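Here's the structure, in structure tokens; my notes come after.
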Amino acid sequence: MSNSPWKIIHLSVDEGLSSLPIYPGYQGLYIVFWWQNIPLGHRRIFSEELPMPATQILNIAIQTITPTVSSYLDKQGIDIVQQKIVNQPAVLTLAKNSSNCSVETPIFVKNSISIIIPTKNRTQYLSECLKSLQNLSQCPHEIIVVDNAPSSNDTQELVAQRPNIRYILEPEAGASKARNTGINYATGDIVAFIDDDMTAHPDWLMQLQKCLNDAEVMAVTGLVLPGELTTEAQQIFEEHWSFNRGFYPINFDKEFFGQHQDYGVPVWLMGGSGNMAVRRRVFDWLDGFDERLGAGNKAAGCSEDSEFCYRLLAEGFLCRYEPKAVAYHYHRQDMTNLKQQVYSYMRGHVAALLIQYEKYHHWGNLRRLLVSLPKWYLRLFIGGLIRGFRGRYQTLFAEVFGCVAGVGFYLTHRRGSGFPQGRRKGAKQRE
């Protein structure tokens with residue numbers, strides 16, 4: 001894999017597509033195609049393919065976005081999609097007549113939204129995150145910054161310079177602890193989460209709100225696109241560890257849970273807490289994030305959001321992935337930090353599997369731990385021997401060590417409930 005950066009370009013097909021020039025110094029282009037404020041697909045174009053005429057870009061755009069547009073247009077068909085894209089006036093007519101493909105104005109409903117941002121000593125990232133939240137097309141009820149065991153007053157001073165943002169100090173380290181503290185202080189009907197190293201699209205909150213207008217939906221996650229792809233570490237992360245779960249809306253329900261329960265439910269496919277909204281009352285039913293999981297010195301390192309989603313589905317709740325709710329993530333820039341990150345990911349993932357088994361006794365969690373993961377890493381190890389431990393294989397040993405550490409972590413933390421105060425009430429005690 002080249003160390004040259006990829007240039008991220010956002011193209012709106014409704015505005016017409018022009019030719020692409022050569023971009024010296026870049027490995028290629030990472031293009032995200034949009035229809036107004038709706039993301040439709042992404043594509044990589046290598047520098048060797050540039051310059052590229054508009055007609056060729058149009059063909060690439062059609063190939064890339066046709067599946068997504070077809071899903072929005074339901075039964076109107078591929079041929080219609082291609083015709084409408086090429087014929088821009090027809091596309092405008094389609095947008096006006098289709099509730100799913102139109103530009104959406106902010107909606108104002110009775111549900112109030114509290115945004116929670118857990119952070120620790122990252123004011124440079126946090127500043128950009130807060131700036132994006134102050135440019136939302138729909139204003140939240142409140143924005144809460146939870147300063148998690150900081151080593152300085154920098155975050156407090158930063159928040160003090162921003163109007164209408166609540167600052168909460170949480171002295172005990174841990175991302176789950178910080179989120180649970182934010183939940184306790186939140187006064188909105190809906191609690192939305194975004195990480196401090198992310199920024200929000202202007203319509204992010206509006207799209208989350210729209211999904212939760214459906215009374216059956218209890219939680220929503222959104223699409224996460226890369227904020228930059230300047231280093232090899234960022235490129236590896238985006239290709240193999242991306243938070244991007246696709247451009248189609250997906251419902252995750254008890255049927256999805258039942259289909260996968262015997263093999264380990266892939267709750268990570270639902271997205272993560274960096275771009276999530278949950279009805280406030282759900283935390284009264286299920287409690288908050290398990291504080292044994294997530295980042296922090298006393299926690300496993302990750303997967304607190306996956307474990308929470310597992311509980312949601314296990315209790316019969318409906319969750320939705322909504323790609324129109326877009327946020328941008330700034331990945332770790334160097335390999336050392338990336339290896340530490342994936343180590344934490346796998347440590348938390350394995351600990352979460354054991355915690356999920358502890359709470360529900362679903363054997364699929366142990367099957368994934370004892371069968372699926374060993375097979376997966378054996379194949380990766382063989383691939384590394386054949387291809388050399390470069391590119392994606394550079395993090396292989398960190399991942400394996402993380403899996404082993406996850407077992408050790410759980411064995412020393414299995415007796416605690418892991419929940420904040422209160423007990424899991426379960427589905428039968430819902431209002």
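Ordered as shown in the structure tokens, chains take letters A, B, and onward, while each chain numbers its residues from 1 and ligands are numbered from 1 in the order shown.
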Counting only C-alpha atoms, give me one row per residue of stretch 117-230 of chain A with an atom at most 7 Å from an atom of stretch 314-320 of chain A, showing the shortest contact pair and its distance in Å to one decimal, sorted by chain then residue number, as JSON lines.
```
{"residue": "A:Glu216", "atom": "CA", "partner": "A:Leu318", "partner_atom": "CA", "distance": 6.4}
{"residue": "A:Val217", "atom": "CA", "partner": "A:Leu318", "partner_atom": "CA", "distance": 5.1}
{"residue": "A:Met218", "atom": "CA", "partner": "A:Cys319", "partner_atom": "CA", "distance": 5.8}
{"residue": "A:Ala219", "atom": "CA", "partner": "A:Cys319", "partner_atom": "CA", "distance": 4.8}
{"residue": "A:Val220", "atom": "CA", "partner": "A:Arg320", "partner_atom": "CA", "distance": 4.8}
{"residue": "A:Thr221", "atom": "CA", "partner": "A:Arg320", "partner_atom": "CA", "distance": 6.5}
```
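Taking only C-alpha atoms into account, A:Ala186 lies nearest to A:Ile143 out of the set A:Leu11, A:Cys403, A:Ala398, A:Ile143.
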Under the rule of at most 6 Å, produce a per-residue listing of stretch 195-311 of chain A near stretch 328-333 of chain A: chain, number, name, the closest pair of atoms, and the distance in Å, as a Markdown table, using only C-alpha atoms.
```
| residue | atom | partner | partner_atom | distance |
| --- | --- | --- | --- | --- |
| A:Asp197 | CA | A:Tyr330 | CA | 5.9 |
| A:Met198 | CA | A:His329 | CA | 4.5 |
| A:Thr199 | CA | A:Tyr328 | CA | 5.2 |
| A:Val224 | CA | A:Tyr328 | CA | 5.4 |
| A:Leu225 | CA | A:Tyr328 | CA | 4.8 |
| A:Pro226 | CA | A:His329 | CA | 5.1 |
| A:Gly227 | CA | A:Tyr330 | CA | 5.0 |
| A:Thr231 | CA | A:Gln333 | CA | 5.9 |
| A:Ala233 | CA | A:Gln333 | CA | 5.7 |
| A:Gln234 | CA | A:His331 | CA | 5.4 |
```
Exercise. Could you tell me, as a ChimeraX atom specification, which residues of stretch 105-288 of chain A DSSP assigns to helix (DSSP H, G or I) when given the backbone?
Key: /A:123-133,154-160,175-185,204-212,232-240,254-260,267-270,280-286
Practice problem: Please provide as a PyMOL selection string all residues within 12 Å of stretch 365-370 of chain A, with the sequence filter that same-chain residues fewer than 2 positions apart are discarded (counting only C-alpha atoms). | Solution: chain A and resi 260-267+307+310+346-347+349-363+372-377+400+403-404+406-407
Quiz item: What is the distance between atom CA of A:Ile190 and atom CA of A:Arg166, in Å to one decimal?
Solution: 16.5 Å
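Here atom CA of A:Trp204 and atom CA of A:Ser12 stand 17.5 Å from one another.
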Practice problem: Name all residues at most 9 Å from A:Trp241 (count only C-alpha atoms; drop same-chain ones fewer than 4 positions away) and give them as a VMD selection string. | Solution: chain A and resid 236 to 237 342
Could you write those residues out with C-alpha atoms, as a compact mmCIF listing (two decimals), in the first residue's frame?
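And here is the file that came out, out.txt:
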```txt
# COMPACT_ATOMS: atom_id res chain seq x y z
CA ILE A 236 -5.86 0.72 6.36
CA PHE A 237 -8.46 1.68 8.95
CA VAL A 342 -7.20 -2.41 16.95
```
Quiz prompt | Who sits within 8 Å of stretch 113-120 of chain A, only C-alpha atoms, same chain under 2 positions skipped, as number ranges by chain | solution = A: 111, 122, 126, 140-150, 175, 178-179, 182-183, 186-196
Grab the residues selected above and save them as a compact mmCIF listing (two decimals), in the first residue's frame with N, CA and C atoms.
```txt
# COMPACT_ATOMS: atom_id res chain seq x y z
N ASN A 111 -40.40 15.76 20.35
CA ASN A 111 -39.26 15.11 20.98
C ASN A 111 -38.07 16.07 21.04
N ARG A 122 -8.58 16.14 24.24
CA ARG A 122 -8.48 16.25 22.78
C ARG A 122 -9.21 17.51 22.32
N LEU A 126 -12.14 18.25 19.54
CA LEU A 126 -13.41 18.68 20.12
C LEU A 126 -13.86 20.02 19.57
N PRO A 140 -30.43 21.23 18.57
CA PRO A 140 -30.75 20.30 19.65
C PRO A 140 -31.33 21.02 20.86
N HIS A 141 -31.90 20.26 21.74
CA HIS A 141 -32.38 20.78 23.01
C HIS A 141 -31.20 21.25 23.86
N GLU A 142 -30.11 20.47 23.83
CA GLU A 142 -28.91 20.82 24.58
C GLU A 142 -27.72 20.02 24.04
N ILE A 143 -26.53 20.56 24.26
CA ILE A 143 -25.28 19.88 23.95
C ILE A 143 -24.51 19.75 25.26
N ILE A 144 -24.13 18.51 25.58
CA ILE A 144 -23.43 18.23 26.83
C ILE A 144 -22.06 17.67 26.52
N VAL A 145 -21.02 18.32 27.00
CA VAL A 145 -19.65 17.82 26.89
C VAL A 145 -19.27 17.21 28.24
N VAL A 146 -18.94 15.92 28.22
CA VAL A 146 -18.52 15.23 29.45
C VAL A 146 -17.01 15.10 29.42
N ASP A 147 -16.35 15.84 30.28
CA ASP A 147 -14.89 15.87 30.36
C ASP A 147 -14.44 14.71 31.26
N ASN A 148 -13.83 13.70 30.65
CA ASN A 148 -13.58 12.44 31.33
C ASN A 148 -12.16 12.37 31.89
N ALA A 149 -12.05 12.56 33.20
CA ALA A 149 -10.77 12.47 33.92
C ALA A 149 -9.66 13.24 33.20
N PRO A 150 -9.86 14.55 32.98
CA PRO A 150 -8.87 15.33 32.22
C PRO A 150 -7.61 15.58 33.02
N ALA A 175 -14.82 5.72 28.87
CA ALA A 175 -15.78 6.28 27.92
C ALA A 175 -17.20 5.91 28.28
N ALA A 178 -18.32 8.03 31.09
CA ALA A 178 -18.62 9.38 30.62
C ALA A 178 -19.98 9.43 29.93
N ARG A 179 -20.27 8.43 29.10
CA ARG A 179 -21.58 8.42 28.42
C ARG A 179 -22.71 8.26 29.43
N GLY A 182 -23.31 11.49 31.12
CA GLY A 182 -24.05 12.37 30.23
C GLY A 182 -25.53 12.03 30.18
N ILE A 183 -25.83 10.73 30.16
CA ILE A 183 -27.23 10.29 30.14
C ILE A 183 -27.94 10.75 31.41
N ALA A 186 -28.75 14.38 30.99
CA ALA A 186 -29.54 14.76 29.82
C ALA A 186 -31.01 14.94 30.18
N THR A 187 -31.64 15.95 29.62
CA THR A 187 -33.05 16.23 29.88
C THR A 187 -33.93 16.06 28.64
N GLY A 188 -33.33 15.66 27.51
CA GLY A 188 -34.10 15.49 26.28
C GLY A 188 -34.81 14.15 26.23
N ASP A 189 -35.82 14.06 25.37
CA ASP A 189 -36.53 12.80 25.15
C ASP A 189 -35.66 11.80 24.41
N ILE A 190 -34.72 12.32 23.63
CA ILE A 190 -33.79 11.49 22.85
C ILE A 190 -32.37 11.88 23.23
N VAL A 191 -31.51 10.89 23.33
CA VAL A 191 -30.10 11.14 23.62
C VAL A 191 -29.29 10.76 22.39
N ALA A 192 -28.57 11.72 21.81
CA ALA A 192 -27.72 11.48 20.65
C ALA A 192 -26.26 11.54 21.07
N PHE A 193 -25.46 10.65 20.50
CA PHE A 193 -24.04 10.59 20.83
C PHE A 193 -23.21 10.86 19.58
N ILE A 194 -22.12 11.61 19.78
CA ILE A 194 -21.12 11.78 18.74
C ILE A 194 -19.77 11.85 19.43
N ASP A 195 -18.75 11.25 18.82
CA ASP A 195 -17.42 11.25 19.43
C ASP A 195 -16.71 12.57 19.18
N ASP A 196 -15.72 12.87 20.02
CA ASP A 196 -15.03 14.15 19.90
C ASP A 196 -14.15 14.23 18.67
```
Practice problem: Find the spatial neighbours of A:Arg245, counting only C-alpha atoms, within a cut-off of 9 Å - ignore same-chain residues fewer than 2 positions away - and output them as a ChimeraX atom specification. | Solution: /A:222-224,242-243,247-248,269-271,321,323
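Taking atom CA of A:Gln235 and atom CA of A:Trp268 as the two end points, the separation is 20.0 Å.
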Practice problem: Name the residues of stretch 196-430 of chain A that fall into strand (DSSP E) according to DSSP on the backbone, using the chain letters and numbers of this document, as a PyMOL selection string. | Solution: chain A and resi 198-200+217-226+250-252+275-279+318-329
Save out the residues we just selected, N, CA and C atoms, as an mmCIF file, in the first residue's frame.
```cif
data_model
loop_
_atom_site.group_PDB
_atom_site.id
_atom_site.type_symbol
_atom_site.label_atom_id
_atom_site.label_comp_id
_atom_site.auth_asym_id
_atom_site.auth_seq_id
_atom_site.Cartn_x
_atom_site.Cartn_y
_atom_site.Cartn_z
ATOM 1 N N MET A 198 -15.041 13.411 15.707
ATOM 2 C CA MET A 198 -15.961 13.373 14.575
ATOM 3 C C MET A 198 -16.614 14.735 14.385
ATOM 4 N N THR A 199 -17.071 14.982 13.174
ATOM 5 C CA THR A 199 -17.871 16.170 12.884
ATOM 6 C C THR A 199 -19.183 15.725 12.250
ATOM 7 N N ALA A 200 -20.197 16.554 12.360
ATOM 8 C CA ALA A 200 -21.536 16.188 11.888
ATOM 9 C C ALA A 200 -21.895 16.937 10.615
ATOM 10 N N VAL A 217 -39.194 2.496 16.464
ATOM 11 C CA VAL A 217 -37.726 2.560 16.466
ATOM 12 C C VAL A 217 -37.249 3.106 17.804
ATOM 13 N N MET A 218 -36.373 2.375 18.472
ATOM 14 C CA MET A 218 -35.872 2.778 19.781
ATOM 15 C C MET A 218 -34.456 3.353 19.719
ATOM 16 N N ALA A 219 -33.701 3.014 18.668
ATOM 17 C CA ALA A 219 -32.337 3.524 18.533
ATOM 18 C C ALA A 219 -31.991 3.635 17.052
ATOM 19 N N VAL A 220 -31.139 4.586 16.732
ATOM 20 C CA VAL A 220 -30.721 4.827 15.356
ATOM 21 C C VAL A 220 -29.211 5.019 15.326
ATOM 22 N N THR A 221 -28.565 4.430 14.331
ATOM 23 C CA THR A 221 -27.167 4.731 14.048
ATOM 24 C C THR A 221 -27.074 5.285 12.638
ATOM 25 N N GLY A 222 -25.974 6.002 12.362
ATOM 26 C CA GLY A 222 -25.845 6.653 11.067
ATOM 27 C C GLY A 222 -24.564 6.306 10.347
ATOM 28 N N LEU A 223 -24.455 6.808 9.127
ATOM 29 C CA LEU A 223 -23.303 6.587 8.270
ATOM 30 C C LEU A 223 -22.110 7.416 8.752
ATOM 31 N N VAL A 224 -20.940 6.790 8.782
ATOM 32 C CA VAL A 224 -19.710 7.492 9.139
ATOM 33 C C VAL A 224 -18.761 7.447 7.952
ATOM 34 N N LEU A 225 -18.402 8.604 7.440
ATOM 35 C CA LEU A 225 -17.464 8.731 6.325
ATOM 36 C C LEU A 225 -16.117 9.232 6.848
ATOM 37 N N PRO A 226 -15.035 8.944 6.136
ATOM 38 C CA PRO A 226 -13.724 9.428 6.593
ATOM 39 C C PRO A 226 -13.591 10.934 6.431
ATOM 40 N N ILE A 250 -31.337 0.175 6.989
ATOM 41 C CA ILE A 250 -31.503 -1.214 7.421
ATOM 42 C C ILE A 250 -32.191 -1.234 8.779
ATOM 43 N N ASN A 251 -33.175 -2.103 8.924
ATOM 44 C CA ASN A 251 -33.799 -2.347 10.219
ATOM 45 C C ASN A 251 -33.170 -3.580 10.854
ATOM 46 N N PHE A 252 -32.790 -3.451 12.120
ATOM 47 C CA PHE A 252 -32.278 -4.573 12.895
ATOM 48 C C PHE A 252 -33.327 -4.884 13.961
ATOM 49 N N ASN A 275 -22.015 7.732 16.355
ATOM 50 C CA ASN A 275 -23.096 8.315 15.556
ATOM 51 C C ASN A 275 -24.361 7.529 15.882
ATOM 52 N N MET A 276 -24.986 7.891 16.978
ATOM 53 C CA MET A 276 -26.116 7.110 17.493
ATOM 54 C C MET A 276 -27.094 8.011 18.230
ATOM 55 N N ALA A 277 -28.366 7.622 18.193
ATOM 56 C CA ALA A 277 -29.395 8.290 18.998
ATOM 57 C C ALA A 277 -30.299 7.219 19.601
ATOM 58 N N VAL A 278 -30.671 7.409 20.867
ATOM 59 C CA VAL A 278 -31.469 6.431 21.604
ATOM 60 C C VAL A 278 -32.560 7.174 22.369
ATOM 61 N N ARG A 279 -33.745 6.606 22.414
ATOM 62 C CA ARG A 279 -34.801 7.194 23.233
ATOM 63 C C ARG A 279 -34.369 7.155 24.702
ATOM 64 N N LEU A 318 -36.524 -2.535 18.236
ATOM 65 C CA LEU A 318 -36.186 -2.285 16.836
ATOM 66 C C LEU A 318 -35.157 -1.167 16.750
ATOM 67 N N CYS A 319 -34.068 -1.427 16.043
ATOM 68 C CA CYS A 319 -33.029 -0.418 15.809
ATOM 69 C C CYS A 319 -32.897 -0.205 14.309
ATOM 70 N N ARG A 320 -32.518 0.996 13.917
ATOM 71 C CA ARG A 320 -32.414 1.309 12.495
ATOM 72 C C ARG A 320 -31.064 1.936 12.170
ATOM 73 N N TYR A 321 -30.500 1.493 11.053
ATOM 74 C CA TYR A 321 -29.321 2.154 10.492
ATOM 75 C C TYR A 321 -29.798 3.095 9.405
ATOM 76 N N GLU A 322 -29.485 4.388 9.552
ATOM 77 C CA GLU A 322 -29.954 5.409 8.617
ATOM 78 C C GLU A 322 -28.752 6.125 8.008
ATOM 79 N N PRO A 323 -28.390 5.796 6.745
ATOM 80 C CA PRO A 323 -27.200 6.395 6.139
ATOM 81 C C PRO A 323 -27.330 7.881 5.821
ATOM 82 N N LYS A 324 -28.543 8.425 5.861
ATOM 83 C CA LYS A 324 -28.687 9.863 5.620
ATOM 84 C C LYS A 324 -28.254 10.697 6.827
ATOM 85 N N ALA A 325 -28.066 10.034 7.982
ATOM 86 C CA ALA A 325 -27.528 10.720 9.164
ATOM 87 C C ALA A 325 -26.006 10.567 9.126
ATOM 88 N N VAL A 326 -25.328 11.557 8.592
ATOM 89 C CA VAL A 326 -23.904 11.442 8.249
ATOM 90 C C VAL A 326 -23.022 12.174 9.252
ATOM 91 N N ALA A 327 -21.956 11.491 9.667
ATOM 92 C CA ALA A 327 -20.888 12.111 10.447
ATOM 93 C C ALA A 327 -19.555 11.726 9.825
ATOM 94 N N TYR A 328 -18.514 12.484 10.142
ATOM 95 C CA TYR A 328 -17.180 12.272 9.566
ATOM 96 C C TYR A 328 -16.189 11.965 10.682
ATOM 97 N N HIS A 329 -15.407 10.902 10.482
ATOM 98 C CA HIS A 329 -14.455 10.472 11.508
ATOM 99 C C HIS A 329 -13.026 10.705 11.044
#
```
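Proximity to A:Tyr345 was assessed for A:Gly294, A:Gly388, A:Gly258, A:Gly174 counting only C-alpha atoms; the smallest distance is recorded for A:Gly294.
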Quiz item: Counting only C-alpha atoms, which of A:Ala300, A:Cys309, A:Ala295, A:Ile9 gets nearest to A:Leu411?
Solution: A:Ala300
